[in-house]
>>> print(open('my_file-v2.cif').read())   # mmCIF, C-alpha atoms and all ligand atoms
data_model
loop_
_atom_site.label_atom_id
_atom_site.label_comp_id
_atom_site.auth_asym_id
_atom_site.auth_seq_id
_atom_site.Cartn_x
_atom_site.Cartn_y
_atom_site.Cartn_z
CA MET K 1053 81.35 99.31 107.00
CA THR K 1054 83.34 98.80 103.78
CA ALA K 1055 85.76 95.89 103.68
CA LEU K 1056 89.44 96.78 103.93
CA THR K 1057 91.47 96.38 100.71
CA ASN K 1058 94.31 93.92 101.19
CA LEU K 1059 97.27 95.64 99.50
CA LEU K 1060 98.94 92.25 98.99
CA ASP K 1061 96.24 91.63 96.37
CA LEU K 1062 97.44 94.50 94.16
CA ASP K 1063 100.11 94.41 91.48
CA PRO K 1064 102.19 97.56 90.74
CA ALA K 1065 99.70 98.98 88.22
CA GLN K 1066 96.73 98.31 90.49
CA LEU K 1067 98.52 99.98 93.36
CA VAL K 1068 99.00 103.10 91.21
CA ALA K 1069 95.26 103.06 90.45
CA TYR K 1070 94.46 102.56 94.12
CA CYS K 1071 96.63 105.54 95.10
CA GLY K 1072 94.82 107.55 92.41
CA GLU K 1073 91.49 106.68 94.06
CA LEU K 1074 92.88 108.06 97.30
CA GLY K 1075 93.89 111.27 95.52
CA GLU K 1076 97.60 110.39 95.70
CA LYS K 1077 100.36 110.64 93.11
CA PRO K 1078 101.62 107.47 91.32
CA PHE K 1079 105.03 107.57 93.07
CA ARG K 1080 103.24 106.74 96.33
CA ALA K 1081 102.52 103.31 94.86
CA LYS K 1082 106.24 102.67 94.46
CA GLN K 1083 106.84 103.68 98.06
CA LEU K 1084 104.05 101.41 99.24
CA LEU K 1085 105.40 98.50 97.18
CA ARG K 1086 108.81 98.87 98.76
CA TRP K 1087 107.46 99.14 102.27
CA ILE K 1088 105.32 96.07 101.82
CA HIS K 1089 107.52 93.76 99.79
CA GLN K 1090 111.05 94.89 100.68
CA PHE K 1091 110.56 95.89 104.30
CA GLY K 1092 107.78 93.44 105.15
CA ALA K 1093 105.78 96.26 106.76
CA HIS K 1094 102.20 95.56 107.72
CA ASP K 1095 101.68 98.61 109.87
CA PHE K 1096 101.08 101.86 107.97
CA ASP K 1097 102.49 103.88 110.86
CA ALA K 1098 105.91 102.33 110.17
CA MET K 1099 105.93 103.85 106.66
CA THR K 1100 107.69 106.96 107.75
CA ASP K 1101 108.18 108.63 104.37
CA LEU K 1102 104.42 108.66 103.69
CA ALA K 1103 102.50 111.76 104.79
CA LYS K 1104 100.66 111.28 108.07
CA SER K 1105 97.37 112.06 106.29
CA LEU K 1106 97.97 109.20 103.82
CA ARG K 1107 98.93 106.79 106.58
CA ASP K 1108 95.71 107.66 108.41
CA LYS K 1109 93.69 107.19 105.24
CA LEU K 1110 95.28 103.78 104.61
CA ALA K 1111 94.73 102.66 108.19
CA THR K 1112 90.98 103.05 107.78
CA ARG K 1113 90.69 101.61 104.25
CA ALA K 1114 93.45 99.07 103.71
CA MET K 1115 95.38 96.26 105.33
CA ILE K 1116 98.40 94.08 104.58
CA ALA K 1117 97.59 90.52 105.54
CA ALA K 1118 99.01 87.16 104.50
CA PRO K 1119 97.31 83.85 105.40
CA ALA K 1120 97.69 83.02 109.09
CA VAL K 1121 100.36 80.49 110.03
CA ILE K 1122 98.88 77.37 111.63
CA SER K 1123 102.17 75.58 112.12
CA ASP K 1124 105.83 76.22 111.43
CA HIS K 1125 108.31 73.36 111.42
CA ILE K 1126 111.97 73.18 110.64
CA SER K 1127 113.81 70.03 109.68
CA THR K 1128 117.29 69.08 110.84
CA ASP K 1129 118.44 69.72 107.25
CA GLY K 1130 117.07 73.28 107.37
CA THR K 1131 113.95 72.66 105.30
CA ARG K 1132 111.16 74.73 106.82
CA LYS K 1133 107.48 74.15 106.30
CA TRP K 1134 104.52 76.34 107.11
CA LEU K 1135 100.91 75.23 107.13
CA LEU K 1136 98.75 78.24 106.30
CA ASP K 1137 95.09 78.85 107.00
CA VAL K 1138 93.21 79.99 103.90
CA GLY K 1139 89.78 79.92 105.54
CA GLN K 1140 86.76 77.64 105.64
CA GLY K 1141 88.74 74.69 106.89
CA ASN K 1142 91.27 74.89 104.06
CA ALA K 1143 95.01 74.91 104.52
CA VAL K 1144 97.94 75.06 102.12
CA GLU K 1145 101.61 74.31 102.62
CA THR K 1146 104.61 76.47 101.82
CA VAL K 1147 108.06 74.95 101.99
CA PHE K 1148 111.49 76.61 102.11
CA ILE K 1149 114.45 74.53 100.94
CA PRO K 1150 117.86 76.02 101.75
CA GLU K 1151 120.81 74.96 99.63
CA GLU K 1152 124.37 76.15 99.58
CA ASN K 1153 123.96 79.01 97.14
CA ARG K 1154 120.24 79.51 97.08
CA GLY K 1155 117.01 79.33 99.00
CA THR K 1156 113.96 77.98 97.19
CA LEU K 1157 110.38 78.52 98.25
CA CYS K 1158 107.71 76.11 97.00
CA ILE K 1159 104.32 77.81 97.01
CA SER K 1160 100.69 76.80 96.42
CA THR K 1161 98.19 78.43 94.06
CA GLN K 1162 94.93 76.63 94.88
CA ALA K 1163 93.34 74.99 97.89
CA GLY K 1164 92.90 71.46 96.58
CA CYS K 1165 93.08 70.69 92.87
CA ALA K 1166 90.57 69.64 90.22
CA VAL K 1167 93.04 67.88 87.91
CA ASN K 1168 92.97 64.71 90.00
CA CYS K 1169 96.23 63.06 89.02
CA ARG K 1170 96.28 59.47 90.20
CA PHE K 1171 99.53 59.69 92.14
CA CYS K 1172 98.71 62.98 93.89
CA SER K 1173 96.80 63.13 97.13
CA THR K 1174 95.69 66.73 96.49
CA GLY K 1175 93.64 65.42 93.60
CA LYS K 1176 92.02 62.98 96.01
CA GLN K 1177 90.99 65.90 98.24
CA GLY K 1178 89.16 67.58 95.39
CA PHE K 1179 89.11 71.26 94.57
CA SER K 1180 88.15 73.80 97.23
CA ARG K 1181 88.96 77.18 95.71
CA ASN K 1182 91.47 79.37 93.92
CA LEU K 1183 93.85 81.33 96.10
CA THR K 1184 93.78 85.11 95.79
CA VAL K 1185 96.83 87.15 94.76
CA GLY K 1186 97.35 88.09 98.41
CA GLU K 1187 97.28 84.44 99.44
CA ILE K 1188 99.81 83.48 96.77
CA ILE K 1189 102.27 86.37 97.14
CA GLY K 1190 101.52 86.36 100.87
CA GLN K 1191 103.35 83.00 101.09
CA LEU K 1192 106.52 84.63 99.76
CA TRP K 1193 106.01 87.75 101.88
CA MET K 1194 105.48 85.76 105.05
CA ALA K 1195 108.33 83.31 104.39
CA GLU K 1196 110.93 85.93 103.40
CA PHE K 1197 110.39 88.06 106.47
CA GLU K 1198 110.01 85.13 108.88
CA LEU K 1199 113.31 83.74 107.60
CA ARG K 1200 115.03 87.09 108.00
CA LYS K 1201 113.58 87.51 111.49
CA SER K 1202 114.85 84.05 112.47
CA LYS K 1203 118.35 85.04 111.39
CA GLY K 1204 118.20 88.52 112.85
CA ILE K 1205 118.53 90.07 109.36
CA GLU K 1206 117.02 93.51 108.96
CA PRO K 1207 114.36 93.83 106.26
CA GLY K 1208 114.90 96.29 103.44
CA HIS K 1209 116.24 96.27 99.91
CA LYS K 1210 119.76 96.05 101.24
CA GLY K 1211 118.81 93.16 103.50
CA GLU K 1212 120.25 89.80 102.68
CA ARG K 1213 117.59 88.07 100.62
CA GLN K 1214 116.71 84.63 101.93
CA ILE K 1215 114.51 83.43 99.10
CA THR K 1216 116.39 83.49 95.80
CA ASN K 1217 114.16 81.08 93.85
CA VAL K 1218 110.45 80.38 93.77
CA VAL K 1219 108.78 77.27 92.41
CA MET K 1220 105.02 77.11 91.93
CA MET K 1221 104.86 73.41 92.65
CA GLY K 1222 102.78 73.34 95.80
CA MET K 1223 99.12 72.56 95.95
CA GLY K 1224 97.03 73.24 92.83
CA GLU K 1225 97.39 73.76 89.09
CA PRO K 1226 98.62 77.37 88.70
CA LEU K 1227 97.41 77.73 85.12
CA LEU K 1228 93.84 76.97 86.24
CA ASN K 1229 94.07 79.99 88.57
CA TYR K 1230 95.58 82.11 85.86
CA GLU K 1231 95.04 85.80 86.65
CA PRO K 1232 96.00 85.71 90.36
CA THR K 1233 99.00 83.53 89.51
CA VAL K 1234 100.27 85.94 86.86
CA THR K 1235 99.71 88.96 89.11
CA ALA K 1236 101.70 87.24 91.85
CA LEU K 1237 104.44 86.40 89.33
CA LYS K 1238 104.64 90.05 88.27
CA LEU K 1239 105.12 91.09 91.88
CA MET K 1240 107.90 88.52 92.30
CA LEU K 1241 109.72 90.01 89.31
CA ASP K 1242 109.13 93.72 90.06
CA ASP K 1243 112.25 95.61 91.13
CA ASN K 1244 110.30 97.56 93.73
CA ALA K 1245 109.05 94.29 95.22
CA TYR K 1246 111.18 91.10 95.18
CA GLY K 1247 113.16 91.70 92.00
CA LEU K 1248 113.62 88.00 91.20
CA SER K 1249 114.87 87.16 87.73
CA ARG K 1250 112.52 85.22 85.43
CA ARG K 1251 115.05 82.37 85.40
CA ARG K 1252 114.68 81.94 89.13
CA VAL K 1253 110.90 81.62 89.14
CA THR K 1254 109.50 78.32 87.89
CA LEU K 1255 105.88 77.52 87.20
CA SER K 1256 104.94 73.85 87.17
CA THR K 1257 101.93 72.77 85.15
CA SER K 1258 100.21 69.49 84.37
CA GLY K 1259 99.84 70.76 80.78
CA VAL K 1260 97.02 73.29 80.27
CA VAL K 1261 98.03 73.94 76.67
CA PRO K 1262 96.15 77.20 75.86
CA MET K 1263 97.34 78.75 79.11
CA ILE K 1264 100.96 77.78 78.40
CA ASP K 1265 100.67 79.90 75.25
CA LYS K 1266 99.01 82.73 77.16
CA LEU K 1267 101.70 82.68 79.83
CA SER K 1268 104.40 82.93 77.18
CA GLN K 1269 102.91 86.33 76.25
CA ASP K 1270 101.96 87.61 79.69
CA CYS K 1271 104.82 86.59 81.94
CA ALA K 1272 107.21 83.95 80.63
CA VAL K 1273 109.05 82.48 83.59
CA ALA K 1274 110.91 79.16 83.69
CA MET K 1275 108.61 76.19 83.13
CA ALA K 1276 108.32 72.69 84.51
CA VAL K 1277 105.79 70.22 83.13
CA SER K 1278 104.44 67.29 85.10
CA LEU K 1279 104.89 64.62 82.45
CA HIS K 1280 104.90 61.28 84.29
CA ALA K 1281 104.19 59.14 81.21
CA SER K 1282 105.72 58.33 77.86
CA ASN K 1283 102.54 57.71 75.87
CA ASP K 1284 98.96 58.99 75.79
CA ALA K 1285 97.27 55.83 77.05
CA LEU K 1286 99.45 55.81 80.18
CA ARG K 1287 99.24 59.57 80.71
CA ASP K 1288 95.43 59.50 80.29
CA SER K 1289 95.34 57.15 83.26
CA LEU K 1290 97.78 59.15 85.42
CA VAL K 1291 97.02 62.77 84.48
CA PRO K 1292 93.37 62.94 83.30
CA LEU K 1293 93.96 66.38 81.74
CA ASN K 1294 95.92 64.53 79.06
CA LYS K 1295 92.63 63.44 77.46
CA LYS K 1296 91.97 67.10 76.69
CA TYR K 1297 95.54 68.08 75.80
CA PRO K 1298 97.40 64.98 74.59
CA LEU K 1299 101.16 64.63 74.44
CA ARG K 1300 101.61 65.75 70.84
CA GLU K 1301 99.84 69.06 71.60
CA LEU K 1302 101.68 69.42 74.90
CA MET K 1303 105.09 68.93 73.28
CA ALA K 1304 104.26 71.50 70.59
CA ALA K 1305 103.14 73.98 73.28
CA CYS K 1306 106.41 73.43 75.20
CA LYS K 1307 108.41 74.16 72.07
CA ARG K 1308 106.42 77.34 71.39
CA TYR K 1309 106.91 78.43 75.00
CA LEU K 1310 110.66 78.11 74.74
CA GLU K 1311 110.74 80.92 72.18
CA PHE K 1312 109.79 83.29 75.01
CA ALA K 1313 111.16 81.50 78.07
CA PRO K 1314 114.11 82.74 80.10
CA ARG K 1315 115.72 79.28 79.93
CA ASP K 1316 116.35 77.24 76.83
CA PHE K 1317 114.87 74.02 78.18
CA ILE K 1318 111.70 72.71 79.81
CA THR K 1319 112.03 70.68 82.99
CA PHE K 1320 109.97 67.52 82.79
CA GLU K 1321 108.94 66.16 86.17
CA TYR K 1322 108.54 62.41 86.19
CA CYS K 1323 107.20 60.60 89.22
CA MET K 1324 108.71 57.11 89.43
CA LEU K 1325 105.93 54.54 89.91
CA ASP K 1326 106.87 50.93 90.37
CA ASP K 1327 105.91 48.82 87.36
CA VAL K 1328 103.69 51.57 85.97
CA ASN K 1329 105.96 54.02 84.15
CA ASP K 1330 109.48 52.96 85.13
CA THR K 1331 110.64 50.25 82.71
CA ASP K 1332 113.50 50.53 80.22
CA ALA K 1333 110.90 50.55 77.45
CA HIS K 1334 109.21 53.59 79.03
CA ALA K 1335 112.55 55.40 79.19
CA ARG K 1336 113.20 54.70 75.51
CA GLU K 1337 109.67 55.81 74.62
CA LEU K 1338 110.25 59.04 76.57
CA ILE K 1339 113.43 59.73 74.62
CA ALA K 1340 111.54 59.26 71.35
CA LEU K 1341 108.80 61.57 72.62
CA VAL K 1342 111.02 64.49 73.62
CA GLN K 1343 113.32 64.08 70.63
CA GLY K 1344 110.33 64.24 68.29
CA HIS K 1345 110.76 60.84 66.64
CA GLY K 1346 107.81 59.75 64.52
CA GLY K 1347 106.79 63.25 63.45
CA GLY K 1348 106.33 64.83 66.90
CA THR K 1349 107.95 68.02 68.19
CA ALA K 1350 111.45 67.82 69.68
CA VAL K 1351 111.68 69.72 72.98
CA PRO K 1352 115.02 70.71 74.55
CA CYS K 1353 114.57 69.47 78.09
CA LYS K 1354 115.87 68.24 81.40
CA PHE K 1355 114.31 65.44 83.41
CA ASN K 1356 113.72 65.48 87.12
CA LEU K 1357 112.87 62.01 88.39
CA ILE K 1358 110.83 62.07 91.58
CA PRO K 1359 110.69 58.99 93.79
CA PHE K 1360 106.95 58.58 94.47
CA ASN K 1361 105.82 59.25 98.00
CA PRO K 1362 103.16 56.58 98.54
CA PHE K 1363 99.77 57.22 100.13
CA PRO K 1364 97.22 54.46 100.75
CA GLU K 1365 94.42 55.45 98.34
CA SER K 1366 96.76 55.59 95.37
CA GLY K 1367 97.34 51.85 95.05
CA LEU K 1368 100.77 52.78 93.66
CA LYS K 1369 104.29 52.02 94.85
CA ARG K 1370 107.61 53.84 94.62
CA SER K 1371 110.13 52.44 92.14
CA ASN K 1372 113.15 51.06 93.92
CA ASN K 1373 116.39 53.04 93.87
CA PRO K 1374 118.34 50.82 91.43
CA ARG K 1375 115.38 51.04 88.99
CA ILE K 1376 115.32 54.84 89.28
CA LYS K 1377 119.06 54.98 88.64
CA ALA K 1378 118.83 52.61 85.66
CA PHE K 1379 116.00 54.71 84.21
CA ALA K 1380 118.03 57.88 84.68
CA GLN K 1381 121.03 56.25 82.99
CA ILE K 1382 119.03 55.46 79.83
CA LEU K 1383 117.93 59.08 79.58
CA MET K 1384 121.46 60.34 80.23
CA ASP K 1385 122.93 57.97 77.65
CA ALA K 1386 120.62 59.66 75.15
CA GLY K 1387 122.18 63.02 76.08
CA ILE K 1388 119.34 64.24 78.30
CA VAL K 1389 120.34 65.96 81.55
CA THR K 1390 118.59 64.00 84.28
CA THR K 1391 118.43 64.52 88.03
CA ILE K 1392 116.86 62.44 90.75
CA ARG K 1393 115.14 64.59 93.33
CA LYS K 1394 116.79 64.18 96.66
CA THR K 1395 114.97 63.72 99.89
CA ARG K 1396 114.72 66.80 102.09
CA GLY K 1397 112.88 67.48 105.31
CA ASP K 1398 111.95 63.86 106.01
CA ASP K 1399 111.50 64.55 109.68
CA ILE K 1400 108.90 67.28 109.10
CA ASP K 1401 106.95 65.44 106.45
CA ALA K 1402 108.25 67.60 103.63
CA ALA K 1403 110.28 64.84 102.12
CA CYS K 1404 111.36 64.39 98.56
CA GLY K 1405 108.38 64.48 96.32
CA GLN K 1406 106.20 65.91 99.04
CA LEU K 1407 107.52 69.32 98.14
CA ALA K 1408 106.10 69.31 94.67
CA GLY K 1409 102.44 69.56 93.84
CA GLU K 1410 102.67 66.57 91.60
CA VAL K 1411 103.41 64.15 94.35
CA GLN K 1412 102.91 65.96 97.60
CA ASP K 1413 101.36 63.83 100.29
CA ARG K 1414 98.54 66.10 101.24
CA THR K 1415 96.06 63.51 102.44
CA ARG K 1416 96.92 64.53 105.94
CA VAL K 1417 96.83 68.30 105.57
CA GLN K 1418 93.25 68.57 106.88
CA GLU K 1419 93.97 66.04 109.60
CA ARG K 1420 97.13 67.88 110.68
CA MET K 1421 95.33 71.21 110.62
CA GLN K 1422 92.57 69.89 112.88
CA LYS K 1423 95.08 68.35 115.26
CA MET K 1424 97.08 71.56 115.37
CA THR K 1425 93.96 73.57 116.30
CA GLU K 1426 93.23 71.10 119.11
CA TYR K 1427 96.82 71.28 120.36
CA GLN K 1428 96.87 75.06 120.19
CA GLN K 1429 93.67 75.22 122.24
CA LYS K 1430 95.25 72.90 124.76
CA PHE K 1431 98.83 74.19 124.86
CA GLY K 1432 98.54 77.80 123.71
CA LYS K 1433 98.67 79.55 120.35
CA ASN K 1434 102.41 79.16 119.95
CA PHE K 1435 102.22 75.39 119.86
CA GLY K 1436 103.82 74.15 116.64
CA ARG K 1437 105.37 77.52 115.88
CA ILE K 1438 109.08 77.95 115.76
CA ILE K 1439 109.97 80.89 117.88
CA GLU K 1440 113.74 80.58 117.75
CA VAL K 1441 115.63 78.83 115.02
CA SER K 1442 119.16 77.83 115.93
CA GLN K 1443 121.60 78.04 113.06
S1 LIG A 1 99.78 66.70 90.46
FE1 LIG A 1 99.40 68.91 90.38
S2 LIG A 1 97.79 69.08 88.80
FE2 LIG A 1 97.82 66.92 89.41
S3 LIG A 1 96.25 66.75 91.03
FE3 LIG A 1 98.24 67.13 92.04
S4 LIG A 1 98.32 69.36 92.31
FE4 LIG A 1 96.74 68.93 90.78
#
>>> encode(input="my_file-v2.cif", output="C-alpha cells", more="lines below")
Ligand code: SF4
Amino acid sequence: MTALTNLLDLDPAQLVAYCGELGEKPFRAKQLLRWIHQFGAHDFDAMTDLAKSLRDKLATRAMIAAPAVISDHISTDGTRKWLLDVGQGNAVETVFIPEENRGTLCISTQAGCAVNCRFCSTGKQGFSRNLTVGEIIGQLWMAEFELRKSKGIEPGHKGERQITNVVMMGMGEPLLNYEPTVTALKLMLDDNAYGLSRRRVTLSTSGVVPMIDKLSQDCAVAMAVSLHASNDALRDSLVPLNKKYPLRELMAACKRYLEFAPRDFITFEYCMLDDVNDTDAHARELIALVQGHGGGTAVPCKFNLIPFNPFPESGLKRSNNPRIKAFAQILMDAGIVTTIRKTRGDDIDAACGQLAGEVQDRTRVQERMQKMTEYQQKFGKNFGRIIEVSQ
C-alpha cells in the first residue's frame, strides 16, 4: 500500500504539480488550498465544489493531518498552549498570545535544537529531528481552526481571523531547517491560504549568517535575532554558534537583510542574565555594537529584553527587575527603542520568556508529555484538552 500524501506538506506550486499527477487542472490546486487553509477542511467529502471523482481519488491517495494535540491549556489571561505529538516520543509546543488588536502564534520548527545555547533548555535536550512542512504549518492550521471553533466562528475566508501574527520563536533554529521553514512561510503569506503580510510574520534566528542571506532572497519576512551578548567572548559562551559566525559578520548580515526586509529594523532579543550580560557596561557595549562604533556595521534595531526563566541545569539567574529597567534605560537614552517582554500565561507554564525559543523552559516537555499520556490512559483521552473555552 502506498503511503498517503499529507497535503499540508505541499506549497502552492507543489499542489499544482500534485494535481497534475492526478490528471487535474492547476485551478484545482487553488481550490484545495482554500479548502485546507481557509476552511480548515480535513475531509475531502466536505469539498463540495470538487468533482466527486476527484474527491474519491484524493480520499485514497491523500490526507490532511496536523500533529496530534496531547494537551491544550488556556491561561486566565487568554494565552493558550498546545503540546503536540510529533512522533517517537517527541513533542513541541505552540502558544497563542491574544492581545487587544492582534493574536500571535509562536510556533516550533524543530524537535529539540542542536545550537545548544547555555540559557535554553531545548539545547540541553539535544536535537531530535527537523519538523516537516506539514508539522510546521500544521501548528497554524490546528491553532487557527481550534480558536475559531472555541469562539463559534465559522471557518472560511470571510471568517474572522484569529491569528494575525506568527513568530517562529518556538523550539528549534528555523534556519537550520531551511526548506520546510521557507515552504511553511510561503503558505502563511499566500492569499489562497492565510494571506498574512510579511510584516506580521517574524523569524527568530540565533544567527546562521549564510541562511540569513538566503532567506532575504527566498522569503524575506520580519527578522528577530537572538543576540544575548555584547561581545564575542561572552556570546561564544552563551550562543556557541557565535564561534562560527561572530558578531561582526552577524551585524553585517543583519544590515544586508534589511535591504529586503518588510520592516526597517531588526529586533534583537536579549535574555537578561544576572551578573552575566546585564551590567551598565554591557549596555554601553551593545550600543557601540549596533551603532557600528569601531568600524563595525550599524544596524537599525529594536531591543526586546527577556527576563530569563531559570531552569536548574543552567546555573544562571534572572536579572532583577530594577536592573532590567536600568539596562533598558541606557539603551533608550541612546535612542534605541527597547521593550521588556511581559509575562503571559504564568499559570499554564507559558510565561514570559517561555514563549520564545531562546529561553523557553522545555526541560519538562518530555516529562509533561509522559504524564499526560498516563493521565489520559487513566481519565480518558480528553484529559488536559479544553473542550469549552469561556470568553
Ligand atoms: S535559544 Fe534557540 S537556537 Fe539556542 S538552543 Fe534554544 S532553540 Fe536552539
>>> residues_near_ligand(input="my_file-v2.cif", ligand="ligand LIG 1 (chain A)", cutoff="10 Å", atoms="all atoms listed in the file", output="number ranges by chain")
K: 1160-1179, 1221-1228, 1256-1260, 1277-1280, 1290-1293, 1323, 1408-1414
>>> atom_distance(input="my_file-v2.cif", atom1="CA of Gln1090 (chain K)", atom2="CA of Gly1139 (chain K)")
26.5 Å
>>> residues_near_point(input="my_file-v2.cif", point="(111.5, 78.8, 76.1)", cutoff="12 Å", atoms="all atoms listed in the file", output="number ranges by chain")
K: 1250-1251, 1254, 1264-1265, 1267-1269, 1271-1276, 1304-1319, 1351-1353
>>> write_last_selection(input="my_file-v2.cif", atoms="C-alpha atoms", output="PDB file, in the coordinates of the input")
ATOM      1  CA  ARG K1250     112.520  85.220  85.430  1.00  0.00           C
ATOM      2  CA  ARG K1251     115.050  82.370  85.400  1.00  0.00           C
ATOM      3  CA  THR K1254     109.500  78.320  87.890  1.00  0.00           C
ATOM      4  CA  ILE K1264     100.960  77.780  78.400  1.00  0.00           C
ATOM      5  CA  ASP K1265     100.670  79.900  75.250  1.00  0.00           C
ATOM      6  CA  LEU K1267     101.700  82.680  79.830  1.00  0.00           C
ATOM      7  CA  SER K1268     104.400  82.930  77.180  1.00  0.00           C
ATOM      8  CA  GLN K1269     102.910  86.330  76.250  1.00  0.00           C
ATOM      9  CA  CYS K1271     104.820  86.590  81.940  1.00  0.00           C
ATOM     10  CA  ALA K1272     107.210  83.950  80.630  1.00  0.00           C
ATOM     11  CA  VAL K1273     109.050  82.480  83.590  1.00  0.00           C
ATOM     12  CA  ALA K1274     110.910  79.160  83.690  1.00  0.00           C
ATOM     13  CA  MET K1275     108.610  76.190  83.130  1.00  0.00           C
ATOM     14  CA  ALA K1276     108.320  72.690  84.510  1.00  0.00           C
ATOM     15  CA  ALA K1304     104.260  71.500  70.590  1.00  0.00           C
ATOM     16  CA  ALA K1305     103.140  73.980  73.280  1.00  0.00           C
ATOM     17  CA  CYS K1306     106.410  73.430  75.200  1.00  0.00           C
ATOM     18  CA  LYS K1307     108.410  74.160  72.070  1.00  0.00           C
ATOM     19  CA  ARG K1308     106.420  77.340  71.390  1.00  0.00           C
ATOM     20  CA  TYR K1309     106.910  78.430  75.000  1.00  0.00           C
ATOM     21  CA  LEU K1310     110.660  78.110  74.740  1.00  0.00           C
ATOM     22  CA  GLU K1311     110.740  80.920  72.180  1.00  0.00           C
ATOM     23  CA  PHE K1312     109.790  83.290  75.010  1.00  0.00           C
ATOM     24  CA  ALA K1313     111.160  81.500  78.070  1.00  0.00           C
ATOM     25  CA  PRO K1314     114.110  82.740  80.100  1.00  0.00           C
ATOM     26  CA  ARG K1315     115.720  79.280  79.930  1.00  0.00           C
ATOM     27  CA  ASP K1316     116.350  77.240  76.830  1.00  0.00           C
ATOM     28  CA  PHE K1317     114.870  74.020  78.180  1.00  0.00           C
ATOM     29  CA  ILE K1318     111.700  72.710  79.810  1.00  0.00           C
ATOM     30  CA  THR K1319     112.030  70.680  82.990  1.00  0.00           C
ATOM     31  CA  VAL K1351     111.680  69.720  72.980  1.00  0.00           C
ATOM     32  CA  PRO K1352     115.020  70.710  74.550  1.00  0.00           C
ATOM     33  CA  CYS K1353     114.570  69.470  78.090  1.00  0.00           C
TER      34      CYS K1353
END
>>> atom_distance(input="my_file-v2.cif", atom1="CA of Gly1190 (chain K)", atom2="CA of Ile1088 (chain K)")
10.5 Å
>>> residues_near_point(input="my_file-v2.cif", point="(119.5, 57.7, 84.0)", cutoff="7 Å", atoms="all atoms listed in the file", output="NGL selection string")
:K and (1377-1384 or 1390)
>>> closest_residue(input="my_file-v2.cif", among="K:Ser1371, K:Thr1235, K:Ser1127, K:Gln1083", to="Met1099 (chain K)", atoms="all atoms listed in the file")
K:Gln1083
>>> atom_distance(input="my_file-v2.cif", atom1="CA of Leu1357 (chain K)", atom2="CA of Ile1376 (chain K)")
7.6 Å
>>> residues_around(input="my_file-v2.cif", residues="region 1194-1198 of chain K", least_positions_apart="4", cutoff="9 Å", atoms="all atoms listed in the file", output="list in words")
Gln1090, Phe1091, Gly1092, Ala1118, Pro1119, Val1121, Trp1134, Thr1146, Val1147, Phe1148, Leu1157, Ile1189, Gly1190, Ser1202, Lys1203, Ile1205, Glu1206, Pro1207, Arg1213, Gln1214 and Ile1215 of chain K
>>> residues_around(input="my_file-v2.cif", residues="Val1068 (chain K)", least_positions_apart="6", cutoff="12 Å", atoms="only C-alpha atoms", output="MDAnalysis selection string")
chainID K and resid 1059 1062 1074:1085
>>> closest_residue(input="my_file-v2.cif", among="K:Glu1337, K:Glu1152, K:Asp1330, K:Asp1243", to="Ser1282 (chain K)", atoms="only C-alpha atoms")
K:Glu1337
>>> closest_residue(input="my_file-v2.cif", among="K:Thr1054, K:Asn1283, K:Ser1123, K:Asn1153", to="Leu1341 (chain K)", atoms="all atoms listed in the file")
K:Asn1283
>>> closest_residue(input="my_file-v2.cif", among="K:Val1389, K:Ala1333, K:Leu1192, K:Ile1149", to="Ala1245 (chain K)", atoms="only C-alpha atoms")
K:Leu1192
>>> closest_residue(input="my_file-v2.cif", among="K:Ala1093, K:Ala1114, K:Val1342, K:Leu1199", to="Thr1131 (chain K)", atoms="only C-alpha atoms")
K:Leu1199
>>> closest_residue(input="my_file-v2.cif", among="K:Ile1126, K:Val1144, K:Ala1098, K:Ala1236", to="Leu1060 (chain K)", atoms="all atoms listed in the file")
K:Ala1236
